[in-house]
$ cat upload.cif   # mmCIF, C-alpha atoms and all ligand atoms
data_query
loop_
_atom_site.label_atom_id
_atom_site.label_comp_id
_atom_site.auth_asym_id
_atom_site.auth_seq_id
_atom_site.Cartn_x
_atom_site.Cartn_y
_atom_site.Cartn_z
CA MET A 1 -56.67 -33.64 -87.76
CA PHE A 2 -57.79 -32.97 -84.23
CA ALA A 3 -54.84 -30.69 -83.74
CA PHE A 4 -55.62 -28.90 -86.97
CA SER A 5 -59.23 -28.15 -86.08
CA VAL A 6 -58.22 -26.84 -82.68
CA LEU A 7 -55.68 -24.60 -84.32
CA THR A 8 -58.15 -23.31 -86.84
CA GLY A 9 -60.60 -22.67 -84.03
CA TYR A 10 -58.04 -20.57 -82.25
CA GLY A 11 -57.16 -18.76 -85.43
CA VAL A 12 -53.47 -19.49 -85.36
CA SER A 13 -51.73 -18.22 -88.42
CA GLY A 14 -48.26 -18.73 -89.68
CA PRO A 15 -46.37 -21.00 -91.98
CA ARG A 16 -47.42 -24.60 -91.70
CA SER A 17 -44.83 -26.18 -93.88
CA GLY A 18 -41.13 -26.06 -94.28
CA LEU A 19 -40.67 -25.58 -90.55
CA ARG A 20 -40.07 -29.15 -89.56
CA ILE A 21 -36.91 -29.19 -87.63
CA ARG A 22 -34.22 -31.79 -87.96
CA ASN A 23 -34.50 -34.73 -85.64
CA ALA A 24 -32.66 -34.51 -82.37
CA ARG A 25 -29.28 -36.09 -81.88
CA VAL A 26 -29.50 -37.42 -78.41
CA SER A 27 -27.00 -39.31 -76.38
CA MET A 28 -28.33 -40.17 -72.95
CA CYS A 29 -31.81 -38.74 -73.49
CA VAL A 30 -34.46 -39.91 -75.89
CA ALA A 31 -36.47 -37.50 -78.01
CA THR A 32 -39.79 -38.81 -79.30
CA PRO A 33 -41.60 -37.98 -82.58
CA GLU A 34 -43.63 -35.37 -80.65
CA SER A 35 -40.58 -33.17 -80.93
CA LEU A 36 -41.04 -32.86 -84.68
CA GLU A 37 -44.25 -30.85 -84.44
CA LEU A 38 -44.77 -27.16 -84.03
CA SER A 39 -45.56 -25.67 -80.62
CA SER A 40 -49.22 -25.02 -81.48
CA GLU A 41 -49.74 -28.62 -82.59
CA ARG A 42 -48.11 -29.95 -79.48
CA LEU A 43 -49.93 -27.52 -77.18
CA ALA A 44 -53.26 -28.70 -78.59
CA LYS A 45 -52.49 -32.16 -77.23
CA LEU A 46 -52.45 -31.02 -73.60
CA PRO A 47 -53.19 -31.97 -70.91
CA TRP A 48 -50.88 -34.93 -70.46
CA GLU A 49 -52.95 -37.70 -69.00
CA LYS A 50 -50.31 -39.71 -67.33
CA SER A 51 -47.03 -38.97 -65.67
CA ILE A 52 -43.88 -40.45 -67.15
CA ALA A 53 -43.19 -41.80 -63.69
CA GLY A 54 -46.00 -44.29 -64.27
CA ASP A 55 -47.63 -43.65 -60.92
CA ASP A 56 -50.88 -41.85 -60.29
CA VAL A 57 -49.11 -38.55 -60.14
CA GLU A 58 -51.23 -35.51 -60.63
CA MET A 59 -49.68 -33.04 -63.07
CA LEU A 60 -50.17 -30.29 -60.58
CA PHE A 61 -49.62 -27.31 -62.86
CA MET A 62 -51.39 -28.54 -66.03
CA PRO A 63 -54.50 -26.40 -65.31
CA PHE A 64 -52.22 -23.35 -65.31
CA ILE A 65 -50.71 -24.11 -68.67
CA GLU A 66 -54.20 -24.74 -70.09
CA LEU A 67 -55.49 -21.44 -68.73
CA GLN A 68 -52.49 -19.54 -70.04
CA ASN A 69 -52.88 -21.27 -73.37
CA LYS A 70 -56.53 -20.17 -73.58
CA VAL A 71 -55.75 -16.57 -72.60
CA MET A 72 -52.90 -16.48 -75.11
CA PHE A 73 -54.99 -17.82 -78.02
CA ASP A 74 -57.99 -15.66 -77.08
CA THR A 75 -56.09 -12.39 -76.78
CA GLN A 76 -53.07 -12.44 -79.06
CA LYS A 77 -53.31 -11.16 -82.61
CA ASN A 78 -51.21 -12.89 -85.26
CA LEU A 79 -50.06 -15.60 -82.92
CA LYS A 80 -47.35 -17.62 -84.59
CA ASP A 81 -45.18 -20.53 -83.71
CA LEU A 82 -41.58 -19.61 -83.11
CA PRO A 83 -39.78 -22.71 -84.33
CA PHE A 84 -36.82 -23.93 -82.31
CA GLU A 85 -34.61 -26.95 -82.20
CA SER A 86 -36.46 -30.17 -81.45
CA GLU A 87 -33.60 -31.13 -79.17
CA LEU A 88 -34.69 -28.24 -76.97
CA SER A 89 -38.46 -28.57 -77.34
CA PHE A 90 -38.64 -32.08 -75.94
CA GLN A 91 -36.41 -34.37 -73.94
CA SER A 92 -37.06 -37.38 -71.82
CA SER A 93 -34.89 -39.54 -69.69
CA SER A 94 -36.18 -43.07 -69.17
CA LYS A 95 -33.54 -43.81 -66.58
CA LYS A 96 -34.53 -40.85 -64.41
CA LYS A 97 -38.24 -40.94 -65.37
CA ALA A 98 -38.46 -37.32 -66.40
CA LYS A 99 -39.65 -35.36 -69.38
CA ILE A 100 -39.46 -31.71 -70.30
CA GLU A 101 -41.44 -30.05 -73.07
CA SER A 102 -41.37 -26.42 -74.20
CA TRP A 103 -43.45 -24.25 -76.48
CA ASN A 104 -42.53 -20.97 -78.11
CA PHE A 105 -44.76 -18.28 -79.66
CA GLN A 106 -44.77 -14.77 -81.01
CA SER A 107 -47.61 -12.28 -81.53
CA ASP A 108 -48.07 -8.65 -82.56
CA THR A 109 -47.62 -7.69 -78.90
CA PHE A 110 -45.03 -10.22 -77.73
CA ARG A 111 -41.73 -11.00 -79.34
CA LYS A 112 -41.58 -14.26 -77.40
CA ILE A 113 -43.92 -16.23 -75.15
CA ARG A 114 -42.24 -19.35 -73.92
CA LEU A 115 -43.62 -22.14 -71.77
CA THR A 116 -41.95 -25.16 -70.21
CA TYR A 117 -43.40 -28.11 -68.29
CA ILE A 118 -41.30 -30.66 -66.43
CA ASP A 119 -42.84 -33.92 -65.31
CA ALA A 120 -40.57 -36.05 -63.17
CA GLY A 121 -43.35 -37.71 -61.21
CA ILE A 122 -43.82 -36.82 -57.57
CA PRO A 123 -40.19 -35.67 -57.15
CA ALA A 124 -40.63 -32.74 -59.56
CA GLN A 125 -43.47 -30.95 -61.32
CA VAL A 126 -42.67 -27.57 -62.84
CA PHE A 127 -44.41 -24.93 -64.92
CA ASN A 128 -42.20 -22.07 -66.04
CA SER A 129 -43.11 -19.31 -68.48
CA VAL A 130 -41.97 -15.86 -69.55
CA TRP A 131 -43.82 -13.35 -71.75
CA TYR A 132 -41.39 -10.95 -73.44
CA PRO A 133 -43.16 -7.87 -74.87
CA ASP A 134 -42.31 -6.67 -78.33
CA PRO A 135 -39.63 -3.99 -77.77
CA LYS A 136 -41.96 -1.28 -79.09
CA TYR A 137 -43.26 -1.54 -75.49
CA ASP A 138 -41.22 -0.86 -72.36
CA LEU A 139 -43.64 -2.89 -70.22
CA PRO A 140 -42.55 -5.54 -67.71
CA LEU A 141 -42.18 -9.21 -68.61
CA LEU A 142 -44.61 -11.70 -67.13
CA GLY A 143 -42.60 -14.25 -65.15
CA VAL A 144 -44.02 -17.56 -63.93
CA ASP A 145 -42.09 -20.16 -61.93
CA PHE A 146 -44.18 -22.85 -60.20
CA LEU A 147 -42.34 -25.80 -58.70
CA SER A 148 -43.34 -28.82 -56.66
CA PHE A 149 -40.73 -31.13 -55.19
CA GLY A 150 -42.09 -34.27 -53.53
CA LYS A 151 -45.45 -32.53 -52.85
CA LYS A 152 -44.07 -31.15 -49.60
CA LYS A 153 -41.93 -28.41 -51.04
CA ILE A 154 -43.94 -26.19 -53.32
CA LEU A 155 -42.61 -22.86 -54.52
CA CYS A 156 -44.67 -20.45 -56.58
CA VAL A 157 -43.33 -17.19 -57.98
CA LEU A 158 -45.34 -14.91 -60.26
CA ASP A 159 -44.50 -11.34 -61.17
CA PHE A 160 -44.72 -8.48 -63.62
CA GLN A 161 -40.93 -8.37 -63.94
CA PRO A 162 -39.94 -4.71 -64.33
CA LEU A 163 -37.26 -3.69 -66.82
CA LYS A 164 -36.51 -0.58 -64.74
CA GLN A 165 -36.59 0.15 -61.04
CA GLU A 166 -37.46 3.87 -61.30
CA LYS A 167 -40.41 4.97 -59.18
CA TYR A 168 -42.47 6.26 -62.11
CA TYR A 169 -42.04 2.95 -63.94
CA LEU A 170 -43.04 0.80 -60.96
CA GLU A 171 -46.06 3.02 -60.27
CA LYS A 172 -47.11 2.91 -63.87
CA TYR A 173 -46.80 -0.81 -64.53
CA CYS A 174 -46.57 -2.78 -61.27
CA GLU A 175 -48.70 -1.04 -58.65
CA ILE A 176 -51.78 -1.97 -60.65
CA LEU A 177 -51.30 -5.37 -58.96
CA ASP A 178 -51.65 -4.08 -55.37
CA PRO A 179 -55.40 -4.78 -55.05
CA VAL A 180 -54.93 -8.24 -56.57
CA LYS A 181 -51.98 -9.19 -54.41
CA SER A 182 -53.73 -8.08 -51.20
CA LYS A 183 -56.44 -10.69 -51.82
CA TYR A 184 -53.96 -13.55 -51.49
CA PRO A 185 -52.12 -13.45 -48.14
CA SER A 186 -50.63 -16.90 -48.76
CA LEU A 187 -48.76 -15.40 -51.74
CA ALA A 188 -47.25 -12.55 -49.77
CA GLY A 189 -44.01 -14.39 -48.98
CA GLN A 190 -40.54 -13.05 -49.64
CA MET A 191 -37.80 -14.49 -51.73
CA THR A 192 -34.45 -15.26 -50.16
CA ALA A 193 -31.24 -13.63 -51.36
CA ARG A 194 -29.81 -17.05 -52.27
CA PHE A 195 -30.38 -16.76 -56.00
CA TYR A 196 -31.77 -13.39 -57.00
CA ASP A 197 -31.66 -9.76 -55.89
CA GLU A 198 -35.23 -8.72 -55.18
CA ASN A 199 -34.46 -5.23 -56.45
CA GLN A 200 -33.44 -6.35 -59.91
CA PHE A 201 -36.13 -7.45 -62.35
CA PHE A 202 -38.63 -8.12 -59.52
CA SER A 203 -41.45 -5.95 -58.21
CA LYS A 204 -42.96 -5.45 -54.77
CA GLN A 205 -46.14 -6.93 -56.19
CA LEU A 206 -44.51 -10.29 -56.81
CA ALA A 207 -46.71 -13.20 -55.70
CA PHE A 208 -44.53 -15.57 -53.74
CA GLY A 209 -45.78 -18.70 -51.98
CA ARG A 210 -44.04 -21.58 -50.28
CA PHE A 211 -46.35 -24.45 -49.31
CA ASP A 212 -45.82 -27.79 -47.61
CA ASN A 213 -48.85 -29.35 -49.32
CA PRO A 214 -50.55 -28.99 -52.73
CA GLN A 215 -53.89 -27.68 -51.45
CA PRO A 216 -53.28 -23.93 -51.93
CA VAL A 217 -52.19 -24.52 -55.53
CA MET A 218 -55.72 -24.72 -56.96
CA GLU A 219 -57.43 -22.86 -54.13
CA GLU A 220 -55.25 -19.76 -54.06
CA LEU A 221 -52.55 -19.77 -56.68
CA PHE A 222 -54.93 -20.57 -59.53
CA PRO A 223 -57.31 -17.60 -59.03
CA ALA A 224 -54.31 -15.34 -58.38
CA PHE A 225 -52.66 -16.55 -61.59
CA GLU A 226 -55.85 -15.90 -63.53
CA GLU A 227 -56.03 -12.33 -62.20
CA TYR A 228 -52.34 -11.59 -62.79
CA LEU A 229 -52.56 -12.99 -66.31
CA ASN A 230 -55.72 -11.07 -67.25
CA THR A 231 -54.41 -7.85 -65.71
CA TYR A 232 -51.15 -8.28 -67.60
CA VAL A 233 -52.72 -8.88 -70.99
CA LYS A 234 -55.21 -6.02 -70.50
CA MET A 235 -52.42 -3.60 -69.61
CA PHE A 236 -51.18 -3.83 -73.21
CA LYS A 237 -54.48 -2.60 -74.64
CA ASP A 238 -53.79 1.05 -73.77
CA ALA A 239 -50.04 0.79 -73.37
CA PRO A 240 -47.79 3.37 -75.01
CA VAL A 241 -46.05 2.18 -78.17
CA THR A 242 -42.89 3.73 -79.53
CA GLU A 243 -41.76 3.80 -83.12
CA ASP A 244 -38.45 5.44 -82.31
CA PRO A 245 -35.72 2.95 -83.30
CA LYS A 246 -33.50 4.20 -80.46
CA GLU A 247 -36.18 3.53 -77.86
CA ILE A 248 -36.96 0.15 -79.41
CA ALA A 249 -33.27 -0.78 -79.27
CA ALA A 250 -33.08 0.41 -75.64
CA ASN A 251 -36.08 -1.72 -74.66
CA LEU A 252 -34.59 -4.77 -76.34
CA GLU A 253 -31.29 -4.10 -74.57
CA LEU A 254 -33.08 -4.20 -71.20
CA GLN A 255 -34.65 -7.54 -72.12
CA LYS A 256 -31.18 -8.74 -73.04
CA GLU A 257 -29.92 -7.68 -69.60
CA TYR A 258 -32.80 -9.65 -68.07
CA ASP A 259 -31.71 -12.75 -70.01
CA ILE A 260 -28.06 -12.35 -69.06
CA TYR A 261 -28.94 -11.78 -65.40
CA SER A 262 -31.40 -14.69 -65.30
CA ALA A 263 -29.09 -17.13 -67.09
CA GLU A 264 -26.37 -16.35 -64.54
CA ARG A 265 -28.62 -16.73 -61.50
CA ASP A 266 -31.15 -19.38 -62.48
CA PRO A 267 -30.95 -22.28 -60.03
CA ALA A 268 -32.68 -24.52 -62.58
CA VAL A 269 -29.48 -25.44 -64.40
CA GLY A 270 -28.69 -28.00 -61.68
CA LEU A 271 -32.16 -29.49 -62.05
CA PHE A 272 -31.82 -29.79 -65.84
CA SER A 273 -28.36 -31.36 -65.50
CA THR A 274 -29.63 -33.96 -63.07
CA TYR A 275 -32.29 -35.17 -65.45
CA PHE A 276 -31.00 -34.39 -68.94
CA GLY A 277 -27.23 -33.93 -68.67
CA GLY A 278 -24.93 -30.94 -68.25
CA ASP A 279 -24.37 -30.08 -71.92
CA TRP A 280 -28.08 -30.07 -72.65
CA ALA A 281 -28.73 -27.95 -69.53
CA VAL A 282 -26.34 -25.24 -70.72
CA LYS A 283 -27.74 -25.28 -74.25
CA PHE A 284 -31.35 -25.14 -73.04
CA THR A 285 -30.57 -22.23 -70.71
CA HIS A 286 -28.70 -20.10 -73.24
CA ASP A 287 -30.33 -21.11 -76.53
CA PHE A 288 -33.95 -21.31 -75.41
CA LEU A 289 -34.80 -19.96 -71.95
CA PHE A 290 -32.60 -16.88 -72.05
CA GLU A 291 -31.55 -16.76 -75.67
CA LEU A 292 -30.27 -13.18 -75.59
CA SER A 293 -27.59 -14.35 -73.15
CA GLU A 294 -24.40 -15.86 -74.46
CA THR A 295 -23.21 -19.37 -73.81
CA PRO A 296 -20.18 -19.10 -71.53
CA ASP A 297 -16.88 -20.12 -73.03
CA PRO A 298 -15.80 -23.44 -71.46
CA ALA A 299 -12.18 -22.21 -71.66
CA GLU A 300 -13.10 -19.51 -69.15
CA GLY A 301 -14.30 -22.10 -66.68
CA ASN A 302 -17.79 -20.67 -66.31
CA LEU A 303 -19.67 -23.83 -67.11
C1 LIG B 1 -37.73 -24.05 -66.77
C2 LIG B 1 -37.04 -23.07 -66.22
C3 LIG B 1 -36.82 -22.94 -64.77
C4 LIG B 1 -36.93 -23.81 -63.72
C5 LIG B 1 -37.29 -25.22 -63.76
C6 LIG B 1 -36.56 -23.09 -62.52
C7 LIG B 1 -36.47 -23.64 -61.25
C8 LIG B 1 -36.15 -23.01 -60.01
N1 LIG B 1 -36.49 -21.73 -59.62
C9 LIG B 1 -36.05 -21.54 -58.33
C10 LIG B 1 -36.16 -20.40 -57.52
C11 LIG B 1 -36.70 -19.14 -57.83
N2 LIG B 1 -37.36 -18.75 -58.97
C12 LIG B 1 -37.71 -17.46 -58.89
C13 LIG B 1 -38.38 -16.66 -59.86
C14 LIG B 1 -38.41 -16.91 -61.22
N3 LIG B 1 -37.72 -17.87 -61.89
C15 LIG B 1 -38.03 -17.83 -63.21
O1 LIG B 1 -37.58 -18.57 -64.08
C16 LIG B 1 -38.97 -16.79 -63.42
C17 LIG B 1 -39.55 -16.45 -64.74
C18 LIG B 1 -39.20 -16.18 -62.19
C19 LIG B 1 -40.08 -15.04 -61.93
C20 LIG B 1 -41.30 -15.16 -61.57
C21 LIG B 1 -37.29 -16.96 -57.60
C22 LIG B 1 -37.50 -15.56 -57.10
C23 LIG B 1 -36.65 -18.01 -56.94
C24 LIG B 1 -35.93 -17.96 -55.62
C25 LIG B 1 -36.77 -18.32 -54.45
C26 LIG B 1 -36.07 -17.96 -53.16
O2 LIG B 1 -34.99 -17.41 -53.17
O3 LIG B 1 -36.62 -18.27 -52.12
C27 LIG B 1 -35.42 -22.75 -57.90
C28 LIG B 1 -34.78 -22.97 -56.54
C29 LIG B 1 -35.79 -23.56 -55.60
C30 LIG B 1 -35.20 -23.76 -54.23
O4 LIG B 1 -34.28 -24.56 -54.11
O5 LIG B 1 -35.67 -23.11 -53.30
C31 LIG B 1 -35.48 -23.65 -58.95
C32 LIG B 1 -34.95 -25.08 -58.98
N4 LIG B 1 -36.24 -21.83 -62.89
C33 LIG B 1 -36.37 -21.71 -64.26
O6 LIG B 1 -36.11 -20.72 -64.99
#
$ encode --input "upload.cif" --output "structure tokens" --more "lines below"
Ligand SMILES: C=CC1=C(C)/C(=C/c2[nH]c(/C=C3N=C(/C=C4\NC(=O)C(C)=C4C=C)C(C)=C\3CCC(=O)O)c(CCC(=O)O)c2C)NC1=O
Amino acid sequence: MFAFSVLTGYGVSGPRSGLRIRNARVSMCVATPESLELSSERLAKLPWEKSIAGDDVEMLFMPFIELQNKVMFDTQKNLKDLPFESELSFQSSSKKKAKIESWNFQSDTFRKIRLTYIDAGIPAQVFNSVWYPDPKYDLPLLGVDFLSFGKKKILCVLDFQPLKQEKYYLEKYCEILDPVKSKYPSLAGQMTARFYDENQFFSKQLAFGRFDNPQPVMEELFPAFEEYLNTYVKMFKDAPVTEDPKEIAANLELQKEYDIYSAERDPAVGLFSTYFGGDWAVKFTHDFLFELSETPDPAEGNL
């Protein structure tokens, strides 16, 4: 009932029955009953109090997910759960002491808002999220990738991920971040060319930090995240909306290109395989994270 009252308080609408998803078939990983609930019910149970690793591990990025959760519930009209397979919404591996949980929403403004948290104790804490606008907008996606490996290797990437690289587009939708970004010199780092091309689906206003200790996470990343998030959500208030089916289709096509590009480049697949197995990693990447991409055909040797 606690979950229900929180939901009512937030004004979540949407079907509340008939959406239970079949139980997961799991081989090496174990899904728990949590996986049978909708995203909003599961999100209401945050923060996790204890790490699966059983130590006194701080869940470094929980405050971020809670803040995003609040902003999402406070600002989004007609927020609904987007049901997805329980096999993808929760997995844990007792052998490797890791769990991964994901949540998936839709609103009048966003066709998909997905969130993922990985808790593997001190060796890995991750918060990853993407906000995909409804294709009646051509606005950038909000991309969040915060990772901590062993507390000494912390990588934080946050961006309004542009669908186009034309000057007018970047000026219109990304340069709004200049005054915010300039406040946070520790987030002015540059990505390498190891995984992504900085000129495709990234902006110059990307916040990028690499830290060798967790201190800047709450001191700098958190206020920066709050500003990026609020700026992003506000931008939609006066954003142009198209009703032209051709433009809508073109916007969706660009989001599809983003998914295809990201699924090809994402270095996370290795991480997922390590903890939850290779088959699950491929399914999670193509059926949940970047679902407009296609699962590669094993016969073509791309797996
Ligand atoms: C749950 C999903 C998920 C996880 C766990 C994930 C992890 C992940 N992201 C990485 C890098 C990266 N991640 C990003 C950016 C992003 N990545 C994004 O998923 C989004 C939305 C952005 C945009 C903000 C960039 C730019 C790098 C490369 C950093 C570099 O080259 O230095 C790396 C490599 C870290 C390293 O070895 O240096 C991992 C393991 N990516 C994922 O998608």
$ closest_residue --input "upload.cif" --among "A:Lys181, A:Lys256, A:Lys136, A:Arg114" --to "ligand LIG 1 (chain B)" --atoms "all atoms listed in the file"
A:Arg114
$ residues_around --input "upload.cif" --residues "Pro267 in chain A" --least-positions-apart "3" --cutoff "10 Å" --atoms "only C-alpha atoms" --output "list in words"
Arg194, Phe195, Tyr196, Ser262, Ala263, Glu264, Gly270, Leu271 and Phe272 of chain A
$ residues_near_ligand --input "upload.cif" --ligand "ligand LIG 1 (chain B)" --cutoff "6 Å" --atoms "all atoms listed in the file" --output "NGL selection string"
:A and (116 or 126 or 128-130 or 143-145 or 157-159 or 191-195 or 266-268)
$ closest_residue --input "upload.cif" --among "A:Leu187, A:Val217, A:Ile260, A:Phe127" --to "Gln68 in chain A" --atoms "all atoms listed in the file"
A:Phe127
$ closest_residue --input "upload.cif" --among "A:Asp212, A:Asp259, A:Glu41, A:Asp119" --to "Lys153 in chain A" --atoms "only C-alpha atoms"
A:Asp212
$ atom_distance --input "upload.cif" --atom1 "CA of Asp134 in chain A" --atom2 "CA of Ala249 in chain A"
10.8 Å
$ residues_around --input "upload.cif" --residues "range 230-232 of chain A" --least-positions-apart "2" --cutoff "9 Å" --atoms "all atoms listed in the file" --output "list in words"
Val71, Leu142, Phe160, Ile176, Leu177, Phe225, Glu226, Glu227, Tyr228, Lys234, Met235 and Phe236 of chain A
$ build_atoms --input "upload.cif" --residues "range 76-103 of chain A" --atoms "N, CA and C atoms" --output "compact mmCIF listing (two decimals), in the frame of the given file"
# COMPACT_ATOMS: atom_id res chain seq x y z
N GLN A 76 -54.22 -12.88 -78.25
CA GLN A 76 -53.07 -12.44 -79.06
C GLN A 76 -53.37 -12.43 -80.55
N LYS A 77 -53.09 -11.27 -81.15
CA LYS A 77 -53.31 -11.16 -82.61
C LYS A 77 -52.06 -11.66 -83.34
N ASN A 78 -52.31 -12.36 -84.45
CA ASN A 78 -51.21 -12.89 -85.26
C ASN A 78 -50.28 -13.79 -84.46
N LEU A 79 -50.88 -14.66 -83.69
CA LEU A 79 -50.06 -15.60 -82.92
C LEU A 79 -49.41 -16.59 -83.87
N LYS A 80 -48.10 -16.73 -83.69
CA LYS A 80 -47.35 -17.62 -84.59
C LYS A 80 -46.44 -18.52 -83.77
N ASP A 81 -46.21 -19.68 -84.29
CA ASP A 81 -45.18 -20.53 -83.71
C ASP A 81 -43.82 -19.88 -83.92
N LEU A 82 -42.98 -19.98 -82.93
CA LEU A 82 -41.58 -19.61 -83.11
C LEU A 82 -40.80 -20.92 -83.12
N PRO A 83 -40.43 -21.40 -84.29
CA PRO A 83 -39.78 -22.71 -84.33
C PRO A 83 -38.44 -22.70 -83.59
N PHE A 84 -38.13 -23.80 -82.96
CA PHE A 84 -36.82 -23.93 -82.31
C PHE A 84 -36.41 -25.39 -82.35
N GLU A 85 -35.17 -25.61 -82.02
CA GLU A 85 -34.61 -26.95 -82.20
C GLU A 85 -35.40 -28.01 -81.44
N SER A 86 -35.68 -29.12 -82.11
CA SER A 86 -36.46 -30.17 -81.45
C SER A 86 -35.71 -30.73 -80.24
N GLU A 87 -34.40 -30.67 -80.31
CA GLU A 87 -33.60 -31.13 -79.17
C GLU A 87 -33.95 -30.33 -77.90
N LEU A 88 -34.36 -29.07 -78.11
CA LEU A 88 -34.69 -28.24 -76.97
C LEU A 88 -36.19 -28.28 -76.63
N SER A 89 -37.02 -28.61 -77.61
CA SER A 89 -38.46 -28.57 -77.34
C SER A 89 -38.94 -29.79 -76.58
N PHE A 90 -38.22 -30.88 -76.68
CA PHE A 90 -38.64 -32.08 -75.94
C PHE A 90 -37.45 -32.94 -75.59
N GLN A 91 -37.40 -33.38 -74.36
CA GLN A 91 -36.41 -34.37 -73.94
C GLN A 91 -37.07 -35.28 -72.94
N SER A 92 -36.63 -36.53 -72.92
CA SER A 92 -37.06 -37.38 -71.82
C SER A 92 -35.91 -38.27 -71.42
N SER A 93 -35.92 -38.66 -70.19
CA SER A 93 -34.89 -39.54 -69.69
C SER A 93 -35.61 -40.74 -69.07
N SER A 94 -35.45 -41.91 -69.69
CA SER A 94 -36.18 -43.07 -69.17
C SER A 94 -35.55 -43.54 -67.86
N LYS A 95 -34.23 -43.37 -67.79
CA LYS A 95 -33.54 -43.81 -66.58
C LYS A 95 -34.02 -43.03 -65.36
N LYS A 96 -34.15 -41.70 -65.55
CA LYS A 96 -34.53 -40.85 -64.41
C LYS A 96 -36.03 -40.57 -64.36
N LYS A 97 -36.79 -41.14 -65.33
CA LYS A 97 -38.24 -40.94 -65.37
C LYS A 97 -38.62 -39.45 -65.32
N ALA A 98 -38.16 -38.75 -66.35
CA ALA A 98 -38.46 -37.32 -66.40
C ALA A 98 -38.66 -36.90 -67.83
N LYS A 99 -39.58 -35.97 -68.06
CA LYS A 99 -39.65 -35.36 -69.38
C LYS A 99 -39.84 -33.86 -69.26
N ILE A 100 -39.36 -33.17 -70.28
CA ILE A 100 -39.46 -31.71 -70.30
C ILE A 100 -39.92 -31.32 -71.69
N GLU A 101 -40.97 -30.50 -71.76
CA GLU A 101 -41.44 -30.05 -73.07
C GLU A 101 -41.60 -28.53 -73.02
N SER A 102 -41.28 -27.88 -74.13
CA SER A 102 -41.37 -26.42 -74.20
C SER A 102 -42.10 -25.99 -75.46
N TRP A 103 -42.68 -24.82 -75.37
CA TRP A 103 -43.45 -24.25 -76.48
C TRP A 103 -43.03 -22.79 -76.63
